[in-house]
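Below is start34.cif, holding mmCIF, C-alpha atoms and all ligand atoms.
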data_run
#
loop_
_atom_site.label_atom_id
_atom_site.label_comp_id
_atom_site.auth_asym_id
_atom_site.auth_seq_id
_atom_site.Cartn_x
_atom_site.Cartn_y
_atom_site.Cartn_z
CA MET A 1 0.00 0.00 0.00
CA PRO A 2 1.66 3.32 -1.03
CA ILE A 3 1.64 6.20 1.48
CA LYS A 4 -1.28 8.50 0.55
CA LYS A 5 -0.17 12.07 -0.15
CA GLY A 6 -1.32 14.50 2.53
CA LEU A 7 -2.55 11.72 4.86
CA PHE A 8 -0.86 13.16 7.95
CA VAL A 9 -0.72 16.86 7.06
CA SER A 10 -1.35 19.01 10.19
CA ILE A 11 -0.96 16.03 12.55
CA PRO A 12 1.94 16.60 14.97
CA HIS A 13 3.02 12.94 14.94
CA ILE A 14 3.17 10.53 12.00
CA PRO A 15 2.48 6.97 13.17
CA VAL A 16 5.29 4.57 12.32
CA LEU A 17 4.78 1.22 10.56
CA TYR A 18 1.06 1.99 10.35
CA ARG A 19 0.45 -0.21 7.29
CA GLU A 20 2.14 -3.10 9.05
CA VAL A 21 0.08 -2.51 12.21
CA VAL A 22 -3.21 -2.35 10.31
CA SER A 23 -2.51 -5.52 8.34
CA ALA A 24 -1.25 -7.33 11.46
CA PHE A 25 -4.61 -6.65 13.12
CA GLU A 26 -6.61 -8.20 10.28
CA GLY A 27 -9.30 -10.42 11.77
CA CYS A 28 -9.66 -8.25 14.91
CA ASP A 29 -12.72 -6.48 13.53
CA GLU A 30 -15.40 -7.68 15.92
CA GLY A 31 -13.55 -6.96 19.11
CA ILE A 32 -11.98 -4.36 21.36
CA VAL A 33 -8.56 -3.01 20.42
CA VAL A 34 -6.48 -1.50 23.23
CA ASP A 35 -4.00 1.14 22.09
CA CYS A 36 -1.66 1.39 25.08
CA THR A 37 0.19 4.41 23.66
CA MET A 38 -2.55 6.40 21.97
CA GLY A 39 -0.41 9.55 21.62
CA TYR A 40 -1.97 11.69 18.91
CA GLY A 41 -4.36 8.96 17.81
CA GLY A 42 -2.52 8.12 14.60
CA HIS A 43 -2.59 4.35 14.90
CA SER A 44 -5.94 4.47 16.69
CA SER A 45 -7.71 6.37 13.91
CA LEU A 46 -6.24 4.15 11.19
CA ILE A 47 -7.40 1.04 13.08
CA LEU A 48 -10.88 2.55 13.58
CA ASP A 49 -11.10 3.47 9.88
CA SER A 50 -9.81 0.13 8.64
CA TYR A 51 -11.99 -2.01 10.93
CA PRO A 52 -15.42 -0.35 11.21
CA HIS A 53 -16.74 -2.70 13.92
CA VAL A 54 -13.79 -2.31 16.25
CA LYS A 55 -14.19 -0.55 19.60
CA LEU A 56 -11.02 1.04 20.84
CA ILE A 57 -9.69 1.86 24.29
CA GLY A 58 -6.84 4.37 24.10
CA ILE A 59 -4.37 4.92 26.95
CA ASP A 60 -1.80 7.66 27.47
CA GLN A 61 -0.10 9.18 30.50
CA ASP A 62 0.32 12.59 28.89
CA GLN A 63 -2.60 14.99 29.28
CA ALA A 64 -1.57 16.87 26.10
CA ALA A 65 -1.91 13.62 24.12
CA ILE A 66 -5.27 12.85 25.79
CA ASP A 67 -6.61 16.33 24.92
CA PHE A 68 -5.45 16.13 21.32
CA SER A 69 -6.75 12.60 20.75
CA SER A 70 -10.07 13.24 22.50
CA LYS A 71 -10.79 15.83 19.80
CA ARG A 72 -9.29 13.85 16.94
CA LEU A 73 -11.18 10.65 17.81
CA ALA A 74 -14.47 12.36 18.79
CA LYS A 75 -15.95 11.56 15.36
CA TYR A 76 -15.93 7.83 16.23
CA GLY A 77 -18.40 8.48 19.09
CA ASP A 78 -18.94 5.60 21.50
CA ARG A 79 -16.55 3.36 19.59
CA VAL A 80 -13.75 5.03 21.58
CA ILE A 81 -12.95 5.17 25.30
CA ILE A 82 -9.91 7.13 26.47
CA LYS A 83 -8.08 6.48 29.73
CA LYS A 84 -5.24 8.40 31.32
CA GLY A 85 -2.43 6.67 33.19
CA ARG A 86 0.54 4.34 32.90
CA PHE A 87 -0.29 1.55 30.49
CA SER A 88 0.86 -1.23 32.84
CA GLU A 89 -1.63 -0.04 35.48
CA VAL A 90 -4.50 0.95 33.17
CA LEU A 91 -4.34 -2.30 31.16
CA LYS A 92 -4.65 -4.28 34.39
CA GLU A 93 -7.77 -2.27 35.29
CA ILE A 94 -9.21 -2.79 31.80
CA PHE A 95 -8.79 -6.57 32.21
CA GLN A 96 -10.92 -6.32 35.35
CA GLU A 97 -13.56 -4.03 33.81
CA VAL A 98 -14.27 -5.60 30.41
CA ASP A 99 -14.99 -9.08 29.14
CA VAL A 100 -11.37 -10.03 28.34
CA SER A 101 -12.47 -12.51 25.68
CA LYS A 102 -13.70 -9.53 23.61
CA ILE A 103 -10.24 -7.95 23.40
CA SER A 104 -8.98 -8.74 19.90
CA ALA A 105 -5.74 -6.73 19.75
CA ILE A 106 -3.34 -4.76 21.91
CA LEU A 107 -0.88 -2.23 20.51
CA ALA A 108 2.05 -0.49 22.20
CA ASP A 109 4.15 2.04 20.28
CA ILE A 110 6.75 2.59 22.97
CA GLY A 111 8.62 5.83 23.42
CA VAL A 112 8.04 9.54 22.95
CA SER A 113 5.95 11.27 20.32
CA SER A 114 7.13 13.92 17.88
CA LEU A 115 5.07 16.55 19.69
CA GLN A 116 6.69 15.72 23.03
CA LEU A 117 10.11 15.95 21.34
CA ASP A 118 9.29 19.18 19.53
CA GLN A 119 7.69 21.09 22.40
CA GLY A 120 10.56 22.97 24.04
CA LYS A 121 8.80 23.32 27.39
CA ARG A 122 8.73 19.54 27.87
CA GLY A 123 12.53 19.40 27.92
CA PHE A 124 12.97 16.39 25.62
CA SER A 125 14.97 18.21 22.94
CA PHE A 126 18.56 19.38 23.31
CA GLU A 127 17.42 22.87 22.32
CA SER A 128 15.07 23.05 25.28
CA ASP A 129 15.29 25.72 27.99
CA VAL A 130 14.12 23.32 30.69
CA LEU A 131 15.37 19.98 32.00
CA ASP A 132 12.26 17.87 32.46
CA MET A 133 11.49 14.96 30.04
CA ARG A 134 8.51 13.62 31.98
CA MET A 135 5.86 12.10 29.71
CA ASN A 136 3.47 12.68 32.58
CA PRO A 137 4.23 16.19 33.88
CA ASP A 138 2.74 15.19 37.29
CA ALA A 139 5.21 12.32 37.81
CA ASN A 140 7.76 12.68 40.62
CA LEU A 141 11.08 12.19 38.85
CA SER A 142 12.29 14.75 36.30
CA ALA A 143 15.49 14.94 34.28
CA ALA A 144 16.72 17.74 36.57
CA GLU A 145 16.61 15.38 39.57
CA VAL A 146 18.46 12.66 37.66
CA VAL A 147 21.14 14.96 36.23
CA ASN A 148 21.65 17.14 39.31
CA GLY A 149 20.96 14.58 42.03
CA TYR A 150 22.15 11.10 41.01
CA SER A 151 25.56 9.82 42.13
CA GLN A 152 28.43 9.45 39.66
CA LYS A 153 27.96 5.65 39.66
CA ALA A 154 24.20 5.85 39.07
CA LEU A 155 24.65 8.29 36.16
CA GLU A 156 27.40 6.14 34.71
CA ASP A 157 25.17 3.04 34.80
CA ILE A 158 22.28 4.82 33.09
CA LEU A 159 24.48 6.24 30.34
CA TYR A 160 26.16 2.88 29.80
CA GLN A 161 23.02 0.74 29.84
CA TYR A 162 20.36 2.96 28.28
CA GLY A 163 22.59 5.13 26.06
CA GLU A 164 25.08 2.34 25.24
CA LEU A 165 27.77 5.01 25.68
CA ARG A 166 31.18 3.41 26.12
CA ASN A 167 32.70 6.53 27.73
CA SER A 168 29.92 6.69 30.32
CA ARG A 169 32.41 7.12 33.19
CA LYS A 170 33.95 10.20 31.57
CA LEU A 171 30.54 11.64 30.71
CA ALA A 172 29.20 11.08 34.22
CA SER A 173 32.22 12.85 35.69
CA VAL A 174 31.82 15.81 33.28
CA ILE A 175 28.19 16.10 34.40
CA ILE A 176 29.10 15.92 38.11
CA GLN A 177 31.82 18.58 37.72
CA ASN A 178 29.60 21.03 35.83
CA ARG A 179 26.23 20.61 37.54
CA PRO A 180 23.73 21.97 38.40
CA PHE A 181 22.15 22.21 34.96
CA TYR A 182 18.91 24.10 34.43
CA SER A 183 18.19 23.28 30.78
CA ALA A 184 18.61 20.45 28.31
CA LYS A 185 20.47 22.88 26.06
CA GLU A 186 23.05 23.66 28.76
CA LEU A 187 23.56 19.94 29.39
CA ALA A 188 23.80 19.03 25.68
CA ASP A 189 26.32 21.83 25.02
CA CYS A 190 28.45 20.78 27.99
CA VAL A 191 28.71 17.09 27.01
CA LYS A 192 28.91 17.67 23.25
CA PRO A 193 32.74 17.63 23.02
CA PHE A 194 32.81 14.23 24.79
CA MET A 195 30.09 12.50 22.75
CA PRO A 196 30.77 10.00 19.95
CA LYS A 197 30.57 11.74 16.57
CA GLY A 198 27.56 10.26 14.75
CA LYS A 199 26.94 11.45 11.20
CA LYS A 200 23.18 11.48 11.24
CA ILE A 201 22.27 12.34 14.82
CA HIS A 202 23.00 15.18 17.22
CA PRO A 203 25.98 14.16 19.40
CA ALA A 204 23.93 14.39 22.61
CA THR A 205 21.07 12.20 21.33
CA LEU A 206 22.14 9.01 23.11
CA LEU A 207 22.73 10.80 26.40
CA MET A 208 19.32 12.49 26.26
CA GLN A 209 17.71 9.17 25.38
CA ALA A 210 19.36 7.46 28.35
CA ILE A 211 18.11 10.12 30.78
CA ARG A 212 14.62 10.01 29.26
CA ILE A 213 14.44 6.21 29.66
CA GLU A 214 15.39 6.59 33.34
CA VAL A 215 12.97 9.47 34.02
CA ASN A 216 10.01 7.59 32.58
CA ASP A 217 11.11 4.11 33.71
CA GLU A 218 10.47 3.01 30.14
CA LEU A 219 12.04 -0.45 30.38
CA GLY A 220 10.30 -1.14 33.70
CA GLU A 221 6.94 -0.14 32.20
CA LEU A 222 7.50 -2.43 29.22
CA GLN A 223 8.36 -5.37 31.48
CA ARG A 224 5.31 -4.69 33.67
CA VAL A 225 2.84 -4.43 30.78
CA LEU A 226 4.19 -7.72 29.41
CA ASP A 227 3.71 -9.24 32.89
CA VAL A 228 0.08 -8.07 32.86
CA ILE A 229 -0.51 -9.61 29.42
CA GLU A 230 1.31 -12.80 30.42
CA SER A 231 -0.79 -13.34 33.52
CA GLU A 232 -4.20 -12.91 31.85
CA ASP A 233 -5.09 -16.46 30.86
CA LYS A 234 -8.44 -15.61 29.24
CA LEU A 235 -6.79 -13.43 26.59
CA THR A 236 -6.93 -14.40 22.91
CA CYS A 237 -5.65 -11.49 20.86
CA LYS A 238 -2.97 -10.11 18.57
CA LEU A 239 -0.28 -8.18 20.36
CA GLY A 240 1.84 -5.66 18.43
CA ILE A 241 4.77 -3.90 20.05
CA ILE A 242 6.79 -1.20 18.32
CA SER A 243 10.11 -0.34 19.92
CA PHE A 244 12.86 2.12 19.07
CA HIS A 245 15.69 0.94 21.29
CA SER A 246 17.66 -2.31 21.11
CA LEU A 247 17.10 -2.99 24.84
CA GLU A 248 13.33 -2.69 24.40
CA ASP A 249 13.37 -4.93 21.34
CA ARG A 250 15.40 -7.51 23.25
CA ILE A 251 12.87 -7.52 26.09
CA VAL A 252 9.99 -8.06 23.64
CA LYS A 253 11.85 -10.72 21.66
CA GLN A 254 12.80 -12.70 24.78
CA ARG A 255 9.31 -12.50 26.25
CA PHE A 256 7.64 -13.62 23.01
CA SER A 257 10.12 -16.46 22.75
CA SER A 258 9.41 -17.67 26.30
CA TRP A 259 5.63 -17.40 25.72
CA SER A 260 5.87 -19.56 22.60
CA LYS A 261 7.52 -22.48 24.44
CA LYS A 262 5.29 -25.50 25.00
CA CYS A 263 7.70 -27.14 27.42
CA ILE A 264 8.75 -25.19 30.49
CA CYS A 265 10.71 -27.97 32.22
CA PRO A 266 14.16 -27.02 33.57
CA ALA A 267 16.93 -27.72 31.02
CA GLU A 268 18.42 -30.51 33.18
CA PHE A 269 15.22 -32.65 32.99
CA MET A 270 15.75 -35.72 30.79
CA ARG A 271 12.04 -36.06 30.00
CA CYS A 272 9.29 -33.47 29.75
CA GLU A 273 7.16 -33.44 32.91
CA CYS A 274 5.22 -30.21 32.38
CA GLY A 275 2.67 -31.57 29.92
CA ASN A 276 4.25 -29.85 26.90
CA ASN A 277 1.21 -27.56 26.55
CA ASN A 278 2.32 -24.36 28.23
CA ALA A 279 2.61 -22.08 25.19
CA LYS A 280 0.73 -18.81 25.59
CA GLY A 281 0.39 -18.43 21.84
CA LYS A 282 2.66 -18.11 18.84
CA ILE A 283 5.14 -15.68 17.38
CA ILE A 284 3.83 -14.15 14.14
CA THR A 285 6.97 -12.18 13.21
CA LYS A 286 10.11 -14.30 13.50
CA LYS A 287 12.08 -11.14 12.62
CA PRO A 288 10.81 -7.67 13.52
CA LEU A 289 9.08 -5.65 10.79
CA THR A 290 10.87 -2.42 9.86
CA ALA A 291 9.97 0.59 7.74
CA GLN A 292 9.92 0.37 3.95
CA VAL A 293 11.85 2.82 1.78
CA ASP A 294 8.90 5.18 1.17
CA GLU A 295 8.16 5.42 4.89
CA LEU A 296 11.82 6.06 5.70
CA LYS A 297 11.71 8.97 3.24
CA ASN A 298 8.56 10.46 4.78
CA ASN A 299 9.22 9.90 8.45
CA ALA A 300 12.73 9.97 9.93
CA ARG A 301 11.42 8.52 13.24
CA SER A 302 10.64 5.25 11.46
CA ARG A 303 14.39 4.63 10.99
CA SER A 304 14.82 2.68 14.21
CA ALA A 305 11.26 1.35 14.65
CA LYS A 306 10.78 -2.41 15.03
CA LEU A 307 7.40 -4.12 15.19
CA ARG A 308 7.00 -7.58 16.68
CA ILE A 309 3.67 -9.40 16.69
CA PHE A 310 2.49 -12.25 18.89
CA LYS A 311 -0.80 -14.14 18.78
CA ARG A 312 -1.81 -14.61 22.43
CA GLU A 313 -4.10 -17.57 22.99
CA ALA A 314 -6.26 -18.28 26.03
CA LEU A 315 -5.19 -21.29 28.06
C1 LIG A 401 5.36 7.06 20.17
S1 LIG A 401 4.03 7.88 20.91
C2 LIG A 401 2.62 7.05 20.28
C3 LIG A 401 2.06 7.68 19.06
C4 LIG A 401 0.79 7.06 18.57
N1 LIG A 401 0.96 5.67 18.23
C5 LIG A 401 0.23 7.86 17.41
O1 LIG A 401 0.10 7.29 16.32
O2 LIG A 401 -0.08 9.03 17.57
C6 LIG A 401 4.06 7.22 22.51
C7 LIG A 401 2.97 7.75 23.40
O3 LIG A 401 2.86 6.82 24.46
C8 LIG A 401 2.81 7.50 25.67
N2 LIG A 401 3.44 6.61 26.64
C9 LIG A 401 4.70 6.15 26.66
N3 LIG A 401 4.90 5.33 27.70
C10 LIG A 401 3.71 5.25 28.35
C11 LIG A 401 3.27 4.54 29.50
N4 LIG A 401 4.09 3.76 30.21
N5 LIG A 401 1.98 4.66 29.87
C12 LIG A 401 1.13 5.45 29.16
N6 LIG A 401 1.49 6.17 28.09
C13 LIG A 401 2.77 6.05 27.66
C14 LIG A 401 3.58 8.78 25.48
O4 LIG A 401 3.10 9.78 26.35
C15 LIG A 401 3.29 9.10 24.01
O5 LIG A 401 2.18 9.94 23.87
#

Would it be possible to restate this file's structure as structure tokens?
Ligand SMILES: C[S@@+](CC[C@H](N)C(=O)[O-])C[C@H]1O[C@@H](n2cnc3c(N)ncnc32)[C@H](O)[C@@H]1O
Amino acid sequence: MPIKKGLFVSIPHIPVLYREVVSAFEGCDEGIVVDCTMGYGGHSSLILDSYPHVKLIGIDQDQAAIDFSSKRLAKYGDRVIIKKGRFSEVLKEIFQEVDVSKISAILADIGVSSLQLDQGKRGFSFESDVLDMRMNPDANLSAAEVVNGYSQKALEDILYQYGELRNSRKLASVIIQNRPFYSAKELADCVKPFMPKGKKIHPATLLMQAIRIEVNDELGELQRVLDVIESEDKLTCKLGIISFHSLEDRIVKQRFSSWSKKCICPAEFMRCECGNNNAKGKIITKKPLTAQVDELKNNARSRSAKLRIFKREAL
């Protein structure tokens, strides 16, 4: 399907891999789709348009996203319910509130939206005059607390693990020596000379990403939402997860792999004693789906997006 000209004009965020998401959810038409990361309603509206009988529950922790999507999705009337909160918590509540057997698909497009990145006052961009980066502006931990309050060792670990920055020790010590910082711009300018020189990205991108992942506990949230999905035995649905970071993709890949195993006996067992029927469903995408050339041209964010799909089956 070619990208239609003008499809996302005036929308602050272009949904990534949207054709792949829509075709992955084929067959979900009679049920409820949960969009865990509704953002600006891009994927949600395409799903609602493509599958006219679908009801959709959209979740986001950012009030700005909720306000935008409430207006954008208003035309679908009672086909849409919007909930504010962390997706790991809200999804758990949804499982208690609705008939779980009616849920036909769950989508999570992990990470930040273009609008969050572009709005200077949110502090996600290196041009920003503030140091914040909270997806939910009411949350307790902000980038200022991480950057100005964490120990050298804690900063080093974050930069190494989440930013995959080999010189994390040096960077952490530069931050400690020059803090306090009051804006993302100040921080980015200070670390710039010590950052690896990437051709396509701003030198401070990986450092900002690492701090953002910490502030929003992004990996913890992903693990928790997968726990919620794993423990709901009445669920039969497609699950699509889009990630932008290799650590996130690894978490999704490993979880899908463990869910697909029929036998859960310890490796040292000579014979299967578990019944060999413990699979929670099957992997649909052996390799993650990535953006096609035309999408890469139209949407730079799609560059690092990976979509994995799992078919969850009730036990
Ligand atoms: C990449 S954007 C999603 C864009 C959306 N798919 C669209 O097409 O407009 C991610 C959104 O998920 C939200 N988000 C990220 N992590 C979240 C979490 N743990 N709980 C709730 N919302 C989250 C962010 O606030 C952001 O609006």

Ligand LIG 401 (chain A): which residues are within 7 Å, counting only C-alpha atoms and all ligand atoms? Reply as a short mmCIF file (atom, residue, chain, number, x, y, z; two decimals) with C-alpha atoms, in the frame of the given file.
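Writing done, so here's out_8.cif:
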data_model
loop_
_atom_site.label_atom_id
_atom_site.label_comp_id
_atom_site.auth_asym_id
_atom_site.auth_seq_id
_atom_site.Cartn_x
_atom_site.Cartn_y
_atom_site.Cartn_z
CA HIS A 13 3.02 12.94 14.94
CA ILE A 14 3.17 10.53 12.00
CA PRO A 15 2.48 6.97 13.17
CA CYS A 36 -1.66 1.39 25.08
CA THR A 37 0.19 4.41 23.66
CA MET A 38 -2.55 6.40 21.97
CA GLY A 39 -0.41 9.55 21.62
CA TYR A 40 -1.97 11.69 18.91
CA GLY A 41 -4.36 8.96 17.81
CA GLY A 42 -2.52 8.12 14.60
CA HIS A 43 -2.59 4.35 14.90
CA SER A 44 -5.94 4.47 16.69
CA ILE A 59 -4.37 4.92 26.95
CA ASP A 60 -1.80 7.66 27.47
CA GLN A 61 -0.10 9.18 30.50
CA ASP A 62 0.32 12.59 28.89
CA ALA A 65 -1.91 13.62 24.12
CA GLY A 85 -2.43 6.67 33.19
CA ARG A 86 0.54 4.34 32.90
CA PHE A 87 -0.29 1.55 30.49
CA SER A 88 0.86 -1.23 32.84
CA ASP A 109 4.15 2.04 20.28
CA ILE A 110 6.75 2.59 22.97
CA GLY A 111 8.62 5.83 23.42
CA VAL A 112 8.04 9.54 22.95
CA SER A 113 5.95 11.27 20.32
CA MET A 135 5.86 12.10 29.71
CA ASN A 136 3.47 12.68 32.58
CA GLU A 218 10.47 3.01 30.14
CA GLU A 221 6.94 -0.14 32.20
#

Enclose the full set of atoms of stretch 206-223 of chain A listed in the file within a box whose edges lie along x, y and z, apply 5 Å of padding to each of the six sides, and report centre and edge lengths in Å to one decimal as lines of an AutoDock Vina configuration file.
center_x = 14.8
center_y = 3.6
center_z = 28.6
size_x = 25.8
size_y = 27.9
size_z = 20.9

Top pick for closest residue to A:Lys280, considering A:Ala314, A:Leu17, A:Ala143, A:Leu159 and counting only C-alpha atoms: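 Residue with the minimum atom-to-atom distance to A:Lys280: A:Ala314.
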
Closest of A:Arg122, A:Glu20, A:Ala74, A:Glu273 to A:Asp138 - atom-to-atom distances counting only C-alpha atoms: A:Arg122

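Shortest separation to A:Phe25 among A:Arg79, A:Lys238, A:Arg308, A:Arg134 occurs at residue A:Lys238, atoms counted being all atoms listed in the file.
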
Atom-to-atom span, atom CA of A:Gln209 and atom CA of A:Val21, Å: 24.9 Å

All residues 12 Å or closer to A:Lys282, only C-alpha atoms, same chain fewer than 2 positions away omitted, as a VMD selection string: chain A and resid 236 to 239 255 to 262 278 to 280 284 to 286 308 to 314

Can you pull out every residue within 6 Å of stretch 169-185 of chain A, counting only C-alpha atoms, but drop anything in the same chain fewer than 6 positions away, and send it as a compact mmCIF listing (two decimals) with C-alpha atoms, in the frame of the given file?
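This went into part-v2.txt:
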# COMPACT_ATOMS: atom_id res chain seq x y z
CA PHE A 126 18.56 19.38 23.31
CA GLU A 127 17.42 22.87 22.32
CA SER A 128 15.07 23.05 25.28
CA ASP A 129 15.29 25.72 27.99
CA VAL A 130 14.12 23.32 30.69
CA LEU A 131 15.37 19.98 32.00
CA ASN A 148 21.65 17.14 39.31
CA GLN A 152 28.43 9.45 39.66
CA LEU A 155 24.65 8.29 36.16
CA GLU A 156 27.40 6.14 34.71

Residue with smallest distance to A:Ile66 - pool A:His245, A:Lys197, A:Lys84, A:Lys153, counting all atoms listed in the file: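 With all atoms listed in the file as the atom set, the closest residue is A:Lys84.
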
Nearest to A:Arg72 by atom-to-atom distance, counting all atoms listed in the file, from A:Leu48, A:Asp157, A:Val54, A:Ser231: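 Closest candidate: A:Leu48.
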
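Take atom CA of A:Val225 and atom CA of A:Ile158: the distance between them is 21.7 Å.
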
Surrounding residues of A:Gly31 excluding itself and chain neighbours under 4 positions, 7 Å, all atoms listed in the file, as a ChimeraX atom specification: /A:54-55,102-104

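Excluding A:Ile57 itself and any same-chain residue fewer than 2 positions from it, the protein and nucleic acid residues within 6 Å of it, counting all atoms listed in the file, are Val34, Val80, Ile81 and Ile82 of chain A.
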
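Using all atoms listed in the file, the nearest neighbour of A:Lys253 within the list A:Leu307, A:Met208, A:Leu219, A:Arg301 is A:Leu307.
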
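Atom CA of A:Ile201 is found 25.6 Å from atom CA of A:Glu145.
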
Polymer residues at most 10 Å from A:Thr205, all atoms listed in the file, same-chain spacing of 4 or more positions, as JSON, numbers by chain: {"A": [125, 126, 163, 188, 192, 195, 198, 201, 209, 210]}
